[in-house]
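Shown below: data_15.txt, with compact mmCIF, C-alpha atoms.
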```txt
# COMPACT_ATOMS: atom_id res chain seq x y z
CA MET K 760 45.07 10.98 -30.67
CA THR K 761 45.42 8.08 -33.07
CA SER K 762 42.43 6.03 -31.97
CA ILE K 763 39.83 3.53 -33.12
CA GLY K 764 36.73 2.94 -31.04
CA GLY K 765 37.97 5.31 -28.35
CA ALA K 766 41.14 3.28 -27.59
CA GLN K 767 44.69 4.55 -28.06
CA MET K 768 47.93 2.77 -28.82
CA VAL K 769 49.93 5.66 -27.35
CA ASP K 770 48.66 8.29 -24.92
CA TRP K 771 50.71 11.17 -26.32
CA ASN K 772 49.54 13.68 -23.71
CA LEU K 773 50.62 11.31 -20.95
CA ALA K 774 54.00 10.89 -22.66
CA VAL K 775 54.54 14.67 -22.56
CA ALA K 776 53.31 14.95 -18.97
CA THR K 777 55.50 12.07 -17.80
CA ALA K 778 58.63 13.36 -19.53
CA THR K 779 58.25 16.93 -18.30
CA ARG K 780 57.60 15.72 -14.76
CA LEU K 781 60.62 13.37 -14.69
CA VAL K 782 63.19 15.41 -16.62
CA ARG K 783 66.05 16.75 -14.55
CA PRO K 784 66.05 20.47 -13.76
CA GLY K 785 68.36 22.60 -15.86
CA PRO K 786 71.49 24.38 -14.59
CA ASP K 787 71.18 27.16 -12.05
CA ILE K 788 71.00 30.35 -14.09
CA SER K 789 69.51 33.78 -13.55
CA ARG K 790 66.66 35.07 -15.69
CA GLU K 791 68.91 37.78 -17.11
CA GLU K 792 71.65 35.30 -18.01
CA ALA K 793 69.09 32.98 -19.59
CA ARG K 794 67.85 35.78 -21.85
CA ALA K 795 71.43 36.52 -22.88
CA VAL K 796 72.08 32.85 -23.72
CA VAL K 797 68.94 32.64 -25.86
CA ALA K 798 69.83 35.85 -27.72
CA GLU K 799 73.39 34.66 -28.36
CA LEU K 800 72.27 31.27 -29.65
CA ARG K 801 69.92 32.98 -32.10
CA ARG K 802 72.78 35.21 -33.33
CA HIS K 803 75.07 32.21 -33.73
CA ALA K 804 72.41 30.32 -35.67
CA ARG K 805 72.10 33.20 -38.13
CA ALA K 806 75.88 33.59 -38.45
CA SER K 807 76.34 29.85 -38.95
CA GLU K 808 74.18 29.87 -42.08
CA GLU K 809 76.74 31.85 -44.06
CA HIS K 810 79.75 29.99 -42.63
CA VAL K 811 78.33 26.56 -43.46
CA ARG K 812 77.02 27.45 -46.91
CA LEU K 813 80.31 29.04 -47.97
CA PHE K 814 82.34 26.07 -46.77
CA THR K 815 80.12 23.23 -48.02
CA ARG K 816 79.14 24.87 -51.33
CA MET K 817 75.95 22.80 -51.21
CA ILE K 818 73.72 25.75 -52.10
CA PRO K 819 74.71 27.59 -55.32
CA GLU K 820 75.35 31.33 -55.12
CA GLY K 821 72.25 33.38 -55.72
CA THR K 822 69.98 30.53 -54.67
CA GLU K 823 67.62 31.07 -51.78
CA PRO K 824 67.00 27.76 -50.02
CA GLU K 825 63.74 26.97 -48.31
CA ASP K 826 63.71 28.78 -44.98
CA THR K 827 63.15 26.85 -41.78
CA PRO K 828 62.65 28.32 -38.32
CA VAL K 829 65.30 28.29 -35.59
CA LEU K 830 63.85 27.73 -32.11
CA VAL K 831 65.79 28.07 -28.86
CA VAL K 832 63.94 25.82 -26.42
CA ASP K 833 64.13 24.45 -22.91
CA ARG K 834 63.91 20.75 -22.07
CA ALA K 835 60.13 20.77 -21.95
CA GLY K 836 60.03 22.44 -25.38
CA TRP K 837 62.30 19.74 -26.80
CA ILE K 838 60.01 17.06 -25.37
CA LYS K 839 56.88 18.61 -26.89
CA ALA K 840 58.55 19.00 -30.27
CA ASN K 841 59.73 15.39 -30.37
CA VAL K 842 56.41 13.95 -29.26
CA ALA K 843 54.77 15.88 -32.11
CA GLY K 844 57.34 14.45 -34.52
CA PHE K 845 56.97 10.88 -33.26
CA ARG K 846 53.20 11.14 -33.46
CA GLU K 847 53.34 12.22 -37.09
CA LEU K 848 55.96 9.69 -38.16
CA LEU K 849 54.35 6.72 -36.39
CA ARG K 850 50.77 7.50 -37.40
CA PRO K 851 50.56 4.84 -40.20
CA LEU K 852 52.14 2.14 -38.03
CA LEU K 853 49.84 2.84 -35.09
CA ALA K 854 46.80 2.76 -37.36
CA LYS K 855 47.84 -0.73 -38.54
CA MET K 856 48.34 -1.88 -34.96
CA GLU K 857 44.94 -0.50 -33.98
CA SER K 858 43.19 -2.48 -36.74
CA ARG K 859 45.07 -5.67 -35.85
CA ARG K 860 44.44 -5.20 -32.14
CA SER K 861 40.66 -4.97 -32.44
CA GLY K 862 40.34 -8.58 -33.56
CA GLY K 863 43.47 -10.17 -32.13
CA PRO K 864 44.04 -12.15 -28.91
CA GLY K 865 46.04 -9.32 -27.39
CA GLY K 866 43.37 -6.72 -28.02
CA ALA K 867 41.90 -6.73 -24.54
CA VAL K 868 45.30 -6.36 -22.89
CA LEU K 869 46.43 -3.48 -25.06
CA GLY K 870 42.99 -1.90 -25.09
CA ALA K 871 42.84 -1.69 -21.31
CA VAL K 872 46.26 -0.37 -20.43
CA GLY K 873 48.39 -0.30 -23.59
CA GLY K 874 48.04 3.38 -24.44
CA LYS K 875 48.76 4.51 -20.88
CA VAL K 876 51.68 2.14 -20.40
CA THR K 877 53.25 3.07 -23.73
CA GLY K 878 52.74 6.76 -23.00
CA VAL K 879 54.53 6.44 -19.65
CA GLU K 880 57.37 4.39 -21.19
CA LEU K 881 57.84 6.89 -24.01
CA GLY K 882 57.77 9.71 -21.46
CA MET K 883 60.49 8.02 -19.40
CA LEU K 884 62.75 7.63 -22.43
CA LEU K 885 62.20 11.24 -23.50
CA SER K 886 62.98 12.49 -19.99
CA PHE K 887 66.32 10.67 -20.22
CA LEU K 888 67.14 12.15 -23.62
CA ALA K 889 65.82 15.67 -22.95
CA SER K 890 68.70 16.54 -20.65
CA ARG K 891 71.34 15.33 -23.11
CA VAL K 892 70.47 16.68 -26.56
CA LEU K 893 72.23 19.96 -27.42
CA GLY K 894 70.46 20.62 -30.68
CA GLN K 895 68.46 18.91 -33.38
CA TYR K 896 67.26 19.50 -36.89
CA GLU K 897 63.73 18.09 -36.93
CA THR K 898 63.20 16.71 -40.40
CA PHE K 899 59.59 15.65 -39.82
CA ALA K 900 58.14 18.46 -37.77
CA PRO K 901 54.44 19.29 -37.94
CA ALA K 902 53.73 22.88 -37.00
CA THR K 903 51.92 23.48 -33.72
CA ARG K 904 50.70 26.63 -32.00
CA ASP K 905 53.89 26.86 -29.92
CA LEU K 906 56.33 25.26 -32.37
CA PRO K 907 56.34 26.62 -35.94
CA ALA K 908 57.82 24.62 -38.81
CA SER K 909 58.63 25.30 -42.44
CA ALA K 910 55.82 26.02 -44.88
CA ASP K 911 55.70 22.47 -46.32
CA GLY K 912 55.07 20.96 -42.89
CA GLY K 913 58.60 19.70 -42.17
CA GLY K 914 61.78 21.16 -40.83
CA ARG K 915 62.88 23.26 -37.88
CA LEU K 916 66.13 23.66 -36.01
CA LEU K 917 66.09 23.31 -32.23
CA LEU K 918 68.82 24.52 -29.87
CA VAL K 919 68.32 23.30 -26.29
CA ALA K 920 69.65 26.19 -24.22
CA PRO K 921 69.87 24.59 -20.72
CA ASN K 922 71.74 21.56 -22.06
CA ILE K 923 74.24 23.72 -23.93
CA VAL K 924 74.91 25.75 -20.77
CA HIS K 925 75.23 22.56 -18.70
CA VAL K 926 77.81 21.01 -21.04
CA GLU K 927 79.88 24.16 -21.51
CA ARG K 928 80.16 24.43 -17.72
CA GLU K 929 80.93 20.74 -17.32
CA LEU K 930 83.70 20.92 -19.93
CA ASP K 931 84.97 24.27 -18.62
CA VAL K 932 85.30 25.75 -22.10
CA ASP K 933 84.70 29.22 -23.47
CA PRO K 934 80.89 29.48 -23.50
CA HIS K 935 80.68 31.81 -26.51
CA ASP K 936 82.90 29.55 -28.61
CA PHE K 937 81.02 26.44 -27.53
CA ARG K 938 77.63 27.91 -28.42
CA LEU K 939 78.82 28.85 -31.89
CA TRP K 940 80.43 25.41 -32.34
CA VAL K 941 77.13 23.67 -31.53
CA ALA K 942 75.25 26.03 -33.86
CA LEU K 943 77.62 25.14 -36.72
CA HIS K 944 76.82 21.44 -36.32
CA GLU K 945 73.06 21.92 -36.30
CA GLU K 946 73.15 24.46 -39.14
CA THR K 947 74.99 21.87 -41.23
CA HIS K 948 72.00 19.57 -40.81
CA ARG K 949 69.65 22.35 -41.84
CA THR K 950 71.80 23.00 -44.92
CA GLN K 951 71.76 19.31 -45.81
CA PHE K 952 67.97 19.20 -45.96
CA THR K 953 67.35 22.65 -47.44
CA GLY K 954 70.12 22.24 -50.02
CA VAL K 955 69.17 18.71 -51.12
CA PRO K 956 65.46 18.80 -52.02
CA TRP K 957 65.00 15.02 -52.38
CA LEU K 958 66.72 14.06 -49.11
CA ARG K 959 63.75 14.50 -46.78
CA ASP K 960 61.38 12.42 -48.92
CA HIS K 961 64.03 9.73 -49.39
CA LEU K 962 64.68 9.45 -45.66
CA GLN K 963 60.97 9.44 -44.87
CA GLY K 964 60.43 6.70 -47.45
CA GLU K 965 63.13 4.53 -45.90
CA ILE K 966 61.72 5.02 -42.39
CA GLN K 967 58.21 4.20 -43.55
CA THR K 968 59.48 1.06 -45.29
CA PHE K 969 61.13 0.06 -42.01
CA LEU K 970 57.89 0.66 -40.11
CA ASP K 971 55.79 -1.10 -42.74
CA GLU K 972 57.87 -4.24 -42.18
CA THR K 973 57.21 -4.13 -38.44
CA ASP K 974 55.37 -7.16 -37.07
CA VAL K 975 52.19 -5.53 -35.80
CA ASP K 976 50.75 -8.49 -33.93
CA PRO K 977 49.97 -7.06 -30.47
CA MET K 978 51.14 -10.10 -28.49
CA THR K 979 54.40 -10.20 -30.43
CA PHE K 980 54.81 -6.51 -29.69
CA LEU K 981 54.35 -7.17 -25.95
CA GLU K 982 56.81 -10.05 -26.05
CA ARG K 983 59.47 -7.87 -27.62
CA LEU K 984 58.91 -5.20 -25.02
CA ARG K 985 59.53 -7.89 -22.38
CA GLU K 986 62.78 -8.83 -24.12
CA ALA K 987 63.82 -5.19 -24.04
CA ALA K 988 63.03 -4.95 -20.32
CA GLN K 989 65.02 -8.11 -19.62
CA SER K 990 68.00 -6.72 -21.53
CA LEU K 991 67.85 -3.54 -19.48
CA SER K 992 67.63 -5.47 -16.20
CA GLY K 993 70.84 -7.24 -17.20
CA ALA K 994 72.65 -3.93 -16.78
CA GLY K 995 72.80 -4.54 -13.05
CA ARG K 996 74.46 -7.95 -13.29
CA PRO K 997 78.18 -8.30 -12.55
CA GLU K 998 80.57 -8.18 -15.47
CA GLY K 999 80.96 -11.54 -17.14
CA GLU K 1000 77.43 -12.69 -16.31
CA GLN K 1001 75.62 -11.02 -19.19
CA GLY K 1002 74.22 -13.25 -21.93
CA GLU K 1003 74.37 -12.66 -25.64
CA SER K 1004 71.11 -10.70 -25.61
CA ASP K 1005 72.73 -8.00 -23.46
CA SER K 1006 74.70 -6.77 -26.46
CA ARG K 1007 71.51 -6.07 -28.41
CA SER K 1008 69.82 -2.70 -28.52
CA LEU K 1009 66.07 -2.11 -28.56
CA VAL K 1010 66.35 -1.51 -32.32
CA ASP K 1011 67.93 -4.96 -32.75
CA ILE K 1012 65.18 -6.63 -30.75
CA VAL K 1013 62.33 -5.34 -32.89
CA GLN K 1014 63.94 -6.05 -36.26
CA THR K 1015 62.71 -8.50 -38.84
CA PRO K 1016 65.08 -9.74 -41.57
CA ALA K 1017 63.58 -7.29 -44.07
CA GLN K 1018 64.06 -4.45 -41.59
CA ARG K 1019 67.75 -5.24 -41.27
CA GLU K 1020 68.25 -4.39 -44.94
CA VAL K 1021 66.45 -1.08 -44.54
CA LEU K 1022 68.32 -0.35 -41.32
CA GLY K 1023 71.63 -0.89 -43.10
CA ARG K 1024 70.73 1.82 -45.62
CA LEU K 1025 69.43 4.13 -42.89
CA THR K 1026 72.60 3.62 -40.86
CA ALA K 1027 74.70 4.64 -43.86
CA VAL K 1028 72.65 7.79 -44.47
CA MET K 1029 72.69 8.81 -40.81
CA SER K 1030 76.44 8.18 -40.60
CA LEU K 1031 76.90 10.42 -43.62
CA LEU K 1032 74.73 13.22 -42.19
CA GLU K 1033 76.21 13.13 -38.69
CA GLY K 1034 79.79 12.71 -39.90
CA HIS K 1035 79.38 15.55 -42.40
CA ALA K 1036 78.10 17.84 -39.62
CA ASP K 1037 81.05 16.95 -37.38
CA PHE K 1038 83.50 17.48 -40.24
CA VAL K 1039 82.04 20.88 -41.12
CA MET K 1040 81.86 22.18 -37.54
CA ASP K 1041 85.54 21.36 -36.98
CA ALA K 1042 86.70 22.57 -40.41
CA VAL K 1043 84.88 25.91 -40.13
CA GLY K 1044 85.81 26.16 -36.47
CA PRO K 1045 89.41 27.48 -36.73
CA GLU K 1046 88.18 30.50 -38.69
CA VAL K 1047 85.46 31.53 -36.23
CA VAL K 1048 85.86 29.45 -33.03
CA GLY K 1049 89.19 30.25 -31.40
CA SER K 1050 89.20 27.35 -28.95
CA VAL K 1051 87.82 24.70 -31.30
CA SER K 1052 90.67 22.23 -30.65
CA GLU K 1053 90.17 22.36 -26.89
CA ILE K 1054 86.40 22.03 -27.28
CA ARG K 1055 86.65 19.02 -29.60
CA GLU K 1056 89.15 17.22 -27.38
CA LYS K 1057 87.07 17.67 -24.22
CA PHE K 1058 83.82 16.89 -26.00
CA GLN K 1059 85.20 13.65 -27.44
CA GLN K 1060 86.34 12.59 -23.99
CA ARG K 1061 82.85 13.28 -22.65
CA ARG K 1062 81.25 11.26 -25.46
CA ALA K 1063 83.55 8.31 -24.83
CA GLN K 1064 83.17 8.26 -21.06
CA GLY K 1065 79.42 8.75 -20.83
CA ALA K 1066 78.01 9.04 -17.35
CA GLY K 1067 77.48 6.26 -14.81
CA ARG K 1068 77.23 2.55 -15.48
CA PHE K 1069 73.42 2.56 -15.65
CA ASP K 1070 73.53 5.51 -18.06
CA GLN K 1071 75.92 3.59 -20.30
CA ALA K 1072 73.72 0.49 -20.22
CA LEU K 1073 70.63 2.52 -21.10
CA ARG K 1074 72.46 4.23 -23.96
CA LYS K 1075 73.40 0.79 -25.26
CA LEU K 1076 69.84 -0.49 -25.04
CA LEU K 1077 68.45 2.54 -26.86
CA GLY K 1078 71.05 2.22 -29.59
CA LEU K 1079 72.75 5.52 -28.68
CA ASP K 1080 76.19 3.90 -28.74
CA ALA K 1081 75.55 3.11 -32.40
CA LYS K 1082 74.77 6.79 -32.95
CA LEU K 1083 78.14 7.73 -31.45
CA ARG K 1084 79.82 5.37 -33.90
CA GLN K 1085 77.93 7.10 -36.70
CA TYR K 1086 79.62 10.40 -35.82
CA LYS K 1087 83.05 8.79 -35.84
CA ASP K 1088 82.69 6.57 -38.92
CA GLY K 1089 80.83 9.21 -40.92
CA GLU K 1090 83.40 11.90 -40.18
CA LYS K 1091 86.20 9.59 -41.33
CA PHE K 1092 84.32 8.90 -44.56
CA VAL K 1093 83.74 12.58 -45.31
CA ARG K 1094 87.30 13.60 -44.46
CA SER K 1095 88.79 10.81 -46.60
CA VAL K 1096 86.63 11.63 -49.62
CA VAL K 1097 87.27 15.39 -49.40
CA GLU K 1098 91.01 14.75 -49.17
CA GLU K 1099 90.88 12.60 -52.30
CA VAL K 1100 88.44 14.43 -54.59
CA GLY K 1101 87.86 17.83 -52.93
CA MET K 1102 84.66 19.40 -51.63
CA ASP K 1103 82.96 19.57 -55.03
CA GLY K 1104 83.84 15.93 -55.62
CA PHE K 1105 82.42 14.98 -52.25
CA ASN K 1106 79.23 16.90 -53.01
CA ARG K 1107 78.38 14.35 -55.70
CA VAL K 1108 77.05 12.37 -52.76
CA TRP K 1109 73.99 14.66 -52.82
CA THR K 1110 73.19 14.01 -56.51
CA SER K 1111 70.56 11.31 -55.94
CA PRO K 1112 69.77 8.36 -53.66
CA ASN K 1113 71.99 6.23 -55.94
CA THR K 1114 75.07 8.27 -55.03
CA LEU K 1115 74.60 7.94 -51.28
CA PRO K 1116 77.23 5.68 -49.71
CA THR K 1117 76.33 2.17 -48.65
CA LYS K 1118 77.07 0.95 -45.15
CA ALA K 1119 80.11 -0.90 -46.52
CA GLU K 1120 81.34 2.23 -48.34
CA ILE K 1121 81.16 4.29 -45.14
CA ALA K 1122 83.87 1.97 -43.82
CA LYS K 1123 85.75 2.02 -47.16
CA PRO K 1124 85.54 5.52 -48.69
CA ALA K 1125 87.76 4.53 -51.61
CA ASP K 1126 85.04 2.15 -52.78
CA TRP K 1127 82.54 5.01 -52.93
CA VAL K 1128 85.03 7.14 -54.89
CA ALA K 1129 85.60 4.28 -57.31
CA ARG K 1130 81.87 3.71 -57.81
CA VAL K 1131 80.73 7.33 -58.13
CA HIS K 1132 83.76 9.06 -59.64
CA ARG K 1133 85.82 6.62 -61.61
CA LYS K 1134 82.80 4.83 -63.06
CA ALA K 1135 81.34 8.19 -64.16
CA GLU K 1136 84.64 9.23 -65.72
CA SER K 1137 85.30 5.97 -67.57
```
This structure in structure tokens:
Amino acid sequence: MTSIGGAQMVDWNLAVATATRLVRPGPDISREEARAVVAELRRHARASEEHVRLFTRMIPEGTEPEDTPVLVVDRAGWIKANVAGFRELLRPLLAKMESRRSGGPGGAVLGAVGGKVTGVELGMLLSFLASRVLGQYETFAPATRDLPASADGGGRLLLVAPNIVHVERELDVDPHDFRLWVALHEETHRTQFTGVPWLRDHLQGEIQTFLDETDVDPMTFLERLREAAQSLSGAGRPEGEQGESDSRSLVDIVQTPAQREVLGRLTAVMSLLEGHADFVMDAVGPEVVGSVSEIREKFQQRRAQGAGRFDQALRKLLGLDAKLRQYKDGEKFVRSVVEEVGMDGFNRVWTSPNTLPTKAEIAKPADWVARVHRKAES
């Protein structure tokens, strides 16, 4: 636990316990079928490596990229992995909040119940997400006894078996094709980080800059949590009665002006990574996934519709709607650039942080081409 004087800002064990207790049960599946699904996902993950590397040409022939483990997990395994990642990533911020709390006016409040309350709230959010995530490349993944990571302490690919089975049944698509299609997306993320050595450190640096700019005054922190709760409660109001604050996500609520600049850069990078993965999975798909067109059409409809009204409101509050836009905008950027300058021309994006697209360039790919290609050639 991150603690000073025996107090905790976040009770991580309680977060795991809460999430695993509240998460929805997975689909009804026999033990034998479950073993078969796990084995097939592992095969698809291995096969996807070659498909993605050949198509993207991000890793030169004869080069062995850093290996990262592929883990097929259940919902509880996904929760444990993400809590470990959050704990590692937020450690510096929580240490700052601990030191501020000890002498501040909000110290007694947070000291008494803060760690437990935050642990329960984090657990509730993770229980919501744990039944929806199909796969994930964990960039910042400390190794644990149950969850290995790459040798340098970061990087593992997770495939969440019960969620994949649930969605393939819901969409009524070929399960073998769908499993490979998902594996192609997640393998693209693994290729991005293993093929671009500076990318992980750059992303971590941007996130830490964002966190460093966070206002760590405990009472301000509590006030912003109240704002978030009020925004969420607005989800139940009739249409037309929401105020301006209802359009803001939790990320918007906690931003300072300096954070907005960092968030703009992070949004551009995440749009690039997610859009690139979507582009690759659909481009490789026709060669190896026979029903890729049907899968993409049905999956897009599912993304757009979401679930119930409360689910949609919660997605909005958590900023998940912005993530969906990242897939769409990023894929358009990648497709437009590849059409104009080819795959090798697009791959200049991975040269350095200076060649990453800005948020404005994601919306206008021609501006990125002009800046990176025409300027270099003039």
Between range 883-907 of chain K and range 778-783 of chain K, at 7 Å or less, what are the per-residue closest atom pairs and their distances in Å? Count all atoms listed in the file, order by chain and rising residue number, and return it as a Markdown table.
```
| residue | atom | partner | partner_atom | distance |
| --- | --- | --- | --- | --- |
| K:Met883 | CA | K:Ala778 | CA | 5.7 |
| K:Leu885 | CA | K:Ala778 | CA | 5.7 |
| K:Ser886 | CA | K:Ala778 | CA | 4.5 |
| K:Phe887 | CA | K:Val782 | CA | 6.7 |
| K:Ala889 | CA | K:Val782 | CA | 6.9 |
| K:Ser890 | CA | K:Arg783 | CA | 6.7 |
```
Practice problem: Could you tell me how far CA of Thr815 in chain K lies from CA of Glu1033 in chain K, in Å and to one decimal? | Solution: 14.3 Å
Self-check item: Atomic distance CA of Arg891 in chain K - CA of Gly785 in chain K, expressed in Å with one decimal
Solution: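 Here the two named atoms are 10.7 Å from each other.
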Practice problem: Show which residues sit within 6 Å of range 934-944 of chain K, as a ChimeraX atom specification. Count all atoms listed in the file, and ignore same-chain residues fewer than 5 positions away. | Solution: /K:803-804,807,927,1036,1040,1048
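For the set K:Leu1115, K:Val1043, K:Leu962, K:Ala835, the residue with the smallest atom-to-atom gap to Leu848 in chain K is K:Leu962, counting all atoms listed in the file.
Picture a line from CA of Gly914 in chain K to CA of Val796 in chain K; it runs 23.1 Å.
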Quiz item: Between K:Thr950, K:Ser1111, K:Ser1095, K:Asn922, which is the closest to Phe1038 in chain K once you count all atoms listed in the file?
Solution: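 Of K:Thr950, K:Ser1111, K:Ser1095, K:Asn922, the one nearest Phe1038 in chain K is K:Ser1095, counting all atoms listed in the file.
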Quiz item: Excluding same-chain residues fewer than 4 positions from His1132 in chain K, what lies within 10 Å of it counting only C-alpha atoms, as a ChimeraX atom specification?
Solution: /K:1100,1104-1105,1107,1114,1126-1128,1136-1137
Quiz item: Nearest to Val919 in chain K: which of K:Val1051, K:Asp1037, K:Leu800, K:Arg812 is it, counting all atoms listed in the file?
Solution: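 Comparing K:Val1051, K:Asp1037, K:Leu800, K:Arg812 against Val919 in chain K, the winner is K:Leu800.
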Self-check item: Using all atoms listed in the file: which of K:Glu1099, K:Ala920, K:Thr827, K:Pro956 has the shortest distance to Arg794 in chain K
Solution: K:Ala920
Quiz item: Out of K:Glu897, K:Leu906, K:Leu1031, K:Asp931, which residue has the shortest atom-to-atom distance to Ser1050 in chain K when counting all atoms listed in the file?
Solution: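 Ranking K:Glu897, K:Leu906, K:Leu1031, K:Asp931 by distance to Ser1050 in chain K, first place goes to K:Asp931.
Among the candidate residues K:Gly1034, K:Gly1089, K:Gly874, K:Pro901, the one lying nearest to Asp770 in chain K is K:Gly874, with distances computed using all atoms listed in the file.
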